[in-house]
Every structure is written in structure tokens, then in C-alpha cells.
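Encoded as C-alpha cells, the structure appears first; notes follow it.
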Amino acid sequence: MHIPVSHIAYKEQPVDILRLDMAGDGISGNKYFKLKYNLEAALENNFSALLTFGGAFSNHLHAVALAGKTAGLRTIGIVRGEDDPLNPTLQFVRQQGMHLYFISRQHYTQKNSASFLNELREIFGDFYLLPEGGTSDLAVKGCSEILADMEDVYDEIYCATGTGGMLAGIISTPGLQSYVTGISVLKGSGSLDKEVKKLAPHVNVKWQINNNYHMGGYAKYSSELMQFIQWFRTEYNILPDPVYTGKVFYAVLDMISKGLITKDKKILMIHSGGLQGWDGWNYRCADKMRQELSGIKQ
Ligand SMILES: *Cc1c(COP(=O)(O)O)cnc(C)c1O
């Protein structure tokens, strides 16, 4: 698959951006790669349904609903929290035919337990299981192809890290020489290192996780981040997403400003997609404003 590369410069430091947001046959960004071999396995093993887990605004649910529909597989989404018929992500996945099943946050913590999965099999019949965020060995294999067609050689590569699946895939790219940094978008993600080592145990590439740019935690609202994203879009005509790539681009430009990324280095940032997140973001912020206003009225 051809993935375009954008070339920008910040304070005279050239930075390339791999545009997964512009590739993926409608399944945006890294989720295309995470799902690719899982879909193949589901079809080869004659499954008729995919079941997965996610938050109500999740890019993963969005991608699975679309991918399942395209592949002719039923999709079941186990969603954390309560139903909200106005949530744009839930509206979209329903339109794709995804069956949604809502469970409490507490119940959700059991998502990997065998007894809970058996319970789900009793309700829904047999299914091909995709874990939360879609991260699995096959997802890592798919993500090890993200850089496959790149001709340029980079000293440093920066990508967003949620569950660590994409980072594990990137560092598994055959022949890769770059130093890879995953910018964690989660607060307190101390076990992420271990997770990535488990997913990619035999790599020679140098890599690290940077925990300095979660900006309050997963999908947290920060006006500093929003201002940065607006500036970035105006300056470079490229829109990051609010949950993942906004933080990566912020991090890289901040490190350039601070002299932590130096001009002798050739840099690549990965735009891993996720633009559907804006619908949820706008909806949540409007919702927050409504709550604040009704608070004032009371
Ligand atoms: C899901 C997602 C990620 C995180 O990928 P992990 O494999 O969970 O680390 C990064 N960027 C975007 C846009 C995503 O949708």
C-alpha cells in the first residue's frame, strides 16, 4: 500500500510525517494494519463474527465495525459504560451493523477473563476475539509493515503509544535501524514497557517510551493541546487527531525547541490516523459545556 509522506520544517529542523491518515481503504490509520491479519485469520478459520471491547469513542470500535462490514463478518462491540444514542462513534458503528453490549466500568475490568468470555459465547455464539485496542501478535505483525515501503532512512521515529501494539510492530520492521520513541498518551502507563517487550521480544532496534507528554491522561481535554493543534493545522495544513497524534506532534516540536532533537538527525513522525475522534471530541466538549451551563442555572 502506498502511504504518502509530508515534509515540514519547524525552527529549520526538517520533519517528515508518514500519513497513515491518508491510507487504509477507509479504515483509518494504524487500525488498518492492526486488523489486517486478524481479519484474514477470522475468515480462514470460518468465523462469522468478530467480538471486541472498547470505550464509547474508540477508534478501534469504529475500525472494527467498518472492517467487519466490508469483510462480511458480524461485529459485536462490548462497550464500557452506558449507551448514549447521540454519541457519534456509537451512531457510526451501529450504522455499520455492529451489535453493542454495554457493561459497567467495573465489569469491564474482567474483559480478559475466561469465565466472562464464556458468558459472552453463551450470549452471542462463537466469535473471533479481538482484545481491547485490537493489540495481539497478529496486530503487531500487521504494524511491522507500516514502514515497509519507505525509501528514506531515518535516525529517529516518533509514534503514539496507547496499548503499545503499533510501537511493537514498528520496532519489528525487518532491517530497521532507527531509534524509535513511543509517546505515551496515557497517564501512569508504567507497565507499557513490559507490554511492548512481551509483544516484540526479539528486536535489535533501540526504542523507548516517553511518558512526558500525556497532557493529563487519555483523551483528556487541555486548552494548550487544542491551541497547538489549531496552530499546527494552520501552519502545515495537516490535522492531527485530538487523542493520539496531537500529543506526538506537540512532543516532537517541543523537543526540537528544547534542543533535545538536533539538526543532524533525520526525523519521522507517524500520523496514525484517528480523525474520527474529532466527532467524539466535539460532542464531548459540547456536552461538557452544556453541563457547565446547567450547573450555572442551578
Ligand atoms: C489506536 C491508535 C493508536 C495507538 O495504538 P496502540 O497500538 O494501541 O499503541 C495511535 N494512534 C491512533 C490514531 C490510534 O487510533
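Residues in the C-alpha cells are numbered from 1 in each chain, the chains being A, B, ... in the order shown, and ligands are numbered from 1 in the order shown.
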
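Selection of all polymer residues within 7 Å of ligand 1 on the basis of only C-alpha atoms and all ligand atoms gives Gly29, Asn30, Lys31, Asn59, His60, Gly133, Thr135, Ala160, Thr161, Gly162, Thr163, Gly164, Gly165, Met166, Leu167, Asp241, Tyr244, Thr245, Ser272, Gly273 and Gly274 of chain A.
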
**Prompt:** Counting only C-alpha atoms, what is within 8 Å of Gln13 of chain A, bar same-chain residues fewer than 2 positions away, as number ranges by chain?
**Reply:** A: 9-11, 15, 256, 262-263

Would you save the residues of that selection, restricted to C-alpha atoms, as a short mmCIF file (atom, residue, chain, number, x, y, z; two decimals), in the first residue's frame?
data_model
loop_
_atom_site.label_atom_id
_atom_site.label_comp_id
_atom_site.auth_asym_id
_atom_site.auth_seq_id
_atom_site.Cartn_x
_atom_site.Cartn_y
_atom_site.Cartn_z
CA ALA A 9 10.12 22.11 8.93
CA TYR A 10 10.00 23.59 12.43
CA LYS A 11 12.68 26.06 13.52
CA VAL A 15 10.50 16.63 9.88
CA ILE A 256 13.07 20.47 18.85
CA THR A 262 19.15 18.08 16.92
CA LYS A 263 19.53 19.23 13.33
#

* Asked: What lies within 9 Å of Asn211 of chain A using only C-alpha atoms, ignoring chain neighbours under 4 positions off, as a PyMOL selection string?
  -> chain A and resi 182-190

Preceding selection exported with all heavy atoms as an mmCIF file, in the first residue's frame:
data_model
loop_
_atom_site.group_PDB
_atom_site.id
_atom_site.type_symbol
_atom_site.label_atom_id
_atom_site.label_comp_id
_atom_site.auth_asym_id
_atom_site.auth_seq_id
_atom_site.Cartn_x
_atom_site.Cartn_y
_atom_site.Cartn_z
ATOM 1 N N GLY A 182 8.106 5.897 21.434
ATOM 2 C CA GLY A 182 6.657 5.907 21.552
ATOM 3 C C GLY A 182 6.256 6.968 22.553
ATOM 4 O O GLY A 182 6.727 6.958 23.688
ATOM 5 N N ILE A 183 5.410 7.906 22.130
ATOM 6 C CA ILE A 183 4.912 8.928 23.040
ATOM 7 C C ILE A 183 3.647 8.376 23.683
ATOM 8 O O ILE A 183 2.630 8.170 23.009
ATOM 9 C CB ILE A 183 4.571 10.236 22.274
ATOM 10 C CG1 ILE A 183 5.779 10.739 21.463
ATOM 11 C CG2 ILE A 183 4.034 11.297 23.234
ATOM 12 C CD1 ILE A 183 6.951 11.220 22.286
ATOM 13 N N SER A 184 3.702 8.115 24.986
ATOM 14 C CA SER A 184 2.540 7.535 25.645
ATOM 15 C C SER A 184 1.453 8.588 25.831
ATOM 16 O O SER A 184 1.713 9.693 26.291
ATOM 17 C CB SER A 184 2.935 6.966 27.010
ATOM 18 O OG SER A 184 1.759 6.552 27.677
ATOM 19 N N VAL A 185 0.221 8.228 25.470
ATOM 20 C CA VAL A 185 -0.901 9.162 25.626
ATOM 21 C C VAL A 185 -1.680 8.871 26.907
ATOM 22 O O VAL A 185 -2.723 9.461 27.148
ATOM 23 C CB VAL A 185 -1.849 9.105 24.398
ATOM 24 C CG1 VAL A 185 -1.080 9.439 23.126
ATOM 25 C CG2 VAL A 185 -2.543 7.754 24.276
ATOM 26 N N LEU A 186 -1.159 7.922 27.708
ATOM 27 C CA LEU A 186 -1.836 7.536 28.950
ATOM 28 C C LEU A 186 -1.027 8.010 30.148
ATOM 29 O O LEU A 186 0.201 7.988 30.118
ATOM 30 C CB LEU A 186 -1.956 6.015 29.040
ATOM 31 C CG LEU A 186 -2.650 5.319 27.898
ATOM 32 C CD1 LEU A 186 -2.139 3.906 27.759
ATOM 33 C CD2 LEU A 186 -4.140 5.310 28.147
ATOM 34 N N LYS A 187 -1.734 8.380 31.175
ATOM 35 C CA LYS A 187 -1.064 8.734 32.425
ATOM 36 C C LYS A 187 -0.819 7.460 33.229
ATOM 37 O O LYS A 187 -1.674 6.590 33.265
ATOM 38 C CB LYS A 187 -1.975 9.670 33.215
ATOM 39 C CG LYS A 187 -1.323 10.328 34.389
ATOM 40 C CD LYS A 187 -2.092 11.584 34.723
ATOM 41 C CE LYS A 187 -2.498 11.656 36.166
ATOM 42 N NZ LYS A 187 -3.351 12.837 36.375
ATOM 43 N N GLY A 188 0.336 7.376 33.836
ATOM 44 C CA GLY A 188 0.622 6.216 34.681
ATOM 45 C C GLY A 188 0.673 4.921 33.906
ATOM 46 O O GLY A 188 0.096 3.911 34.302
ATOM 47 N N SER A 189 1.338 4.950 32.762
ATOM 48 C CA SER A 189 1.392 3.745 31.928
ATOM 49 C C SER A 189 2.711 3.033 32.159
ATOM 50 O O SER A 189 3.437 2.708 31.231
ATOM 51 C CB SER A 189 1.235 4.115 30.459
ATOM 52 O OG SER A 189 2.161 5.126 30.137
ATOM 53 N N GLY A 190 3.023 2.785 33.409
ATOM 54 C CA GLY A 190 4.305 2.214 33.788
ATOM 55 C C GLY A 190 4.567 0.824 33.252
ATOM 56 O O GLY A 190 5.708 0.442 33.043
#

Please return as a ChimeraX atom specification: the residues of segment 96-178 of chain A that backbone DSSP assigns to strand (DSSP E). /A:99-103,128-130,156-161

Would you mind listing what lies within 8 Å of Leu239 of chain A as a list in words, with only C-alpha atoms counted and same-chain residues fewer than 5 positions away left out? Ile229, Phe232 and Arg233 of chain A

So that I have them on file, write out the residues from the current selection with N, CA and C atoms, as a PDB file, in the first residue's frame.
ATOM      1  N   ILE A 229      -2.913  22.218  18.338  1.00  0.00           N
ATOM      2  CA  ILE A 229      -3.466  21.526  17.165  1.00  0.00           C
ATOM      3  C   ILE A 229      -3.981  22.533  16.135  1.00  0.00           C
ATOM      4  N   PHE A 232      -0.979  24.037  14.483  1.00  0.00           N
ATOM      5  CA  PHE A 232      -0.321  23.073  13.602  1.00  0.00           C
ATOM      6  C   PHE A 232      -1.077  22.958  12.282  1.00  0.00           C
ATOM      7  N   ARG A 233      -2.399  22.914  12.404  1.00  0.00           N
ATOM      8  CA  ARG A 233      -3.216  22.773  11.212  1.00  0.00           C
ATOM      9  C   ARG A 233      -3.080  24.000  10.303  1.00  0.00           C
TER      10      ARG A 233
END

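Checking A:Ala251, A:Ile157, A:Ala139, A:Leu192 one by one against Val205 of chain A, counting only C-alpha atoms, you find the shortest gap at A:Ile157.
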
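If you look at atom CA of Ser172 of chain A and atom CA of Ala200 of chain A, they are 6.7 Å away from each other.
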
Q: Excluding segment 101-110 of chain A and residues on its chain fewer than 5 positions from it, collect all residues at most 7 Å away from it, counting only C-alpha atoms, and give them as a ChimeraX atom specification.
A: /A:77-83,116

Output the selection as a short mmCIF file (atom, residue, chain, number, x, y, z; two decimals), in the first residue's frame - C-alpha atoms for each residue.
data_model
loop_
_atom_site.label_atom_id
_atom_site.label_comp_id
_atom_site.auth_asym_id
_atom_site.auth_seq_id
_atom_site.Cartn_x
_atom_site.Cartn_y
_atom_site.Cartn_z
CA GLY A 77 -18.82 -4.42 20.46
CA ILE A 78 -18.60 -4.71 24.25
CA VAL A 79 -18.63 -1.10 25.37
CA ARG A 80 -17.50 0.33 28.68
CA GLY A 81 -20.19 2.44 30.36
CA GLU A 82 -23.69 3.36 29.35
CA ASP A 83 -25.38 3.70 26.00
CA PHE A 116 -16.53 -13.70 31.16
#

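Nearest to Lys220 of chain A of all the residues A:Lys198, A:Lys247, A:Lys206, A:His2 is A:Lys247, based on only C-alpha atoms.
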
- as a PyMOL selection string, list the residues of segment 11-248 of chain A assigned to alpha helix (DSSP H) by DSSP on the backbone atoms of this structure. chain A and resi 30-44+59-71+88-95+105-108+114-124+137-143+165-170+192-199+223-236+245-248

From atom CA of Val140 of chain A to atom CA of His7 of chain A the spacing works out at 26.8 Å

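Picture a line from atom CA of Gly169 of chain A to atom CA of Lys197 of chain A; it runs 11.0 Å.
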
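Restricting the calculation to only C-alpha atoms, the smallest distance between Asp84 of chain A and any of A:Ile27, A:His271, A:Tyr283, A:Tyr179 is found for A:Tyr283.
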
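Using only C-alpha atoms, the contacts of Leu18 of chain A at a cut-off of 7 Å, with sequence neighbours closer than 3 positions omitted, comprise Ile3, Pro4, Val5, Ser6, Met269, Ile270 and His271 of chain A.
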
Keeping only C-alpha atoms, write those residues as an mmCIF file, in the first residue's frame.
data_model
loop_
_atom_site.group_PDB
_atom_site.id
_atom_site.type_symbol
_atom_site.label_atom_id
_atom_site.label_comp_id
_atom_site.auth_asym_id
_atom_site.auth_seq_id
_atom_site.Cartn_x
_atom_site.Cartn_y
_atom_site.Cartn_z
ATOM 1 C CA ILE A 3 1.425 5.782 2.137
ATOM 2 C CA PRO A 4 2.147 9.456 1.406
ATOM 3 C CA VAL A 5 4.853 11.362 3.291
ATOM 4 C CA SER A 6 4.549 15.090 4.110
ATOM 5 C CA MET A 269 6.672 11.272 12.906
ATOM 6 C CA ILE A 270 3.817 8.875 12.252
ATOM 7 C CA HIS A 271 0.348 10.286 11.737
#

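Minimum atom-to-atom distance to Ser257 of chain A, evaluated using only C-alpha atoms, belongs to A:Glu12 out of A:Glu12, A:Asp126, A:Asp152, A:Glu119.
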
Long-range neighbours of Glu224 of chain A as an mmCIF file with C-alpha atoms, in the first residue's frame, 12 Å cut-off, only C-alpha atoms, 2 positions minimum in chain:
data_model
loop_
_atom_site.group_PDB
_atom_site.id
_atom_site.type_symbol
_atom_site.label_atom_id
_atom_site.label_comp_id
_atom_site.auth_asym_id
_atom_site.auth_seq_id
_atom_site.Cartn_x
_atom_site.Cartn_y
_atom_site.Cartn_z
ATOM 1 C CA TYR A 213 3.512 14.215 27.012
ATOM 2 C CA MET A 215 -1.046 16.018 28.943
ATOM 3 C CA GLY A 216 -3.317 14.974 31.752
ATOM 4 C CA LYS A 220 -8.227 14.480 28.487
ATOM 5 C CA TYR A 221 -9.157 17.953 27.402
ATOM 6 C CA SER A 222 -6.398 20.556 27.576
ATOM 7 C CA MET A 226 -6.160 22.340 21.426
ATOM 8 C CA GLN A 227 -4.329 25.594 20.725
ATOM 9 C CA PHE A 228 -1.333 23.665 19.484
ATOM 10 C CA ILE A 229 -3.466 21.526 17.165
ATOM 11 C CA GLN A 230 -5.136 24.589 15.749
ATOM 12 C CA TRP A 231 -1.770 26.248 15.181
ATOM 13 C CA PRO A 242 -7.065 15.011 19.465
ATOM 14 C CA GLY A 246 -1.793 15.801 18.530
ATOM 15 C CA LYS A 247 0.343 14.789 21.515
ATOM 16 C CA TYR A 250 3.383 18.516 20.244
#

Segment 118-178 of chain A near segment 62-67 of chain A within 12 Å: what's each residue's closest atom pair and its distance in Å to one decimal, counting only C-alpha atoms, ordered by chain then ascending residue number, as a tab-separated table?
residue	atom	partner	partner_atom	distance
A:Tyr128	CA	A:Val64	CA	11.8
A:Leu129	CA	A:Val64	CA	11.3
A:Leu130	CA	A:Val64	CA	9.0
A:Pro131	CA	A:Val64	CA	11.3
A:Glu132	CA	A:Val64	CA	11.0
A:Gly133	CA	A:Val64	CA	10.0
A:Gly134	CA	A:Val64	CA	8.7

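Considering only C-alpha atoms, the residue among A:Thr75, A:Ser178, A:Thr89, A:Ser136 positioned nearest to Ile267 of chain A is A:Ser178.
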
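Each of A:Val203, A:Leu117, A:Leu86, A:Ala71 was compared to Phe53 of chain A using only C-alpha atoms, and A:Leu117 turns out to be the nearest.
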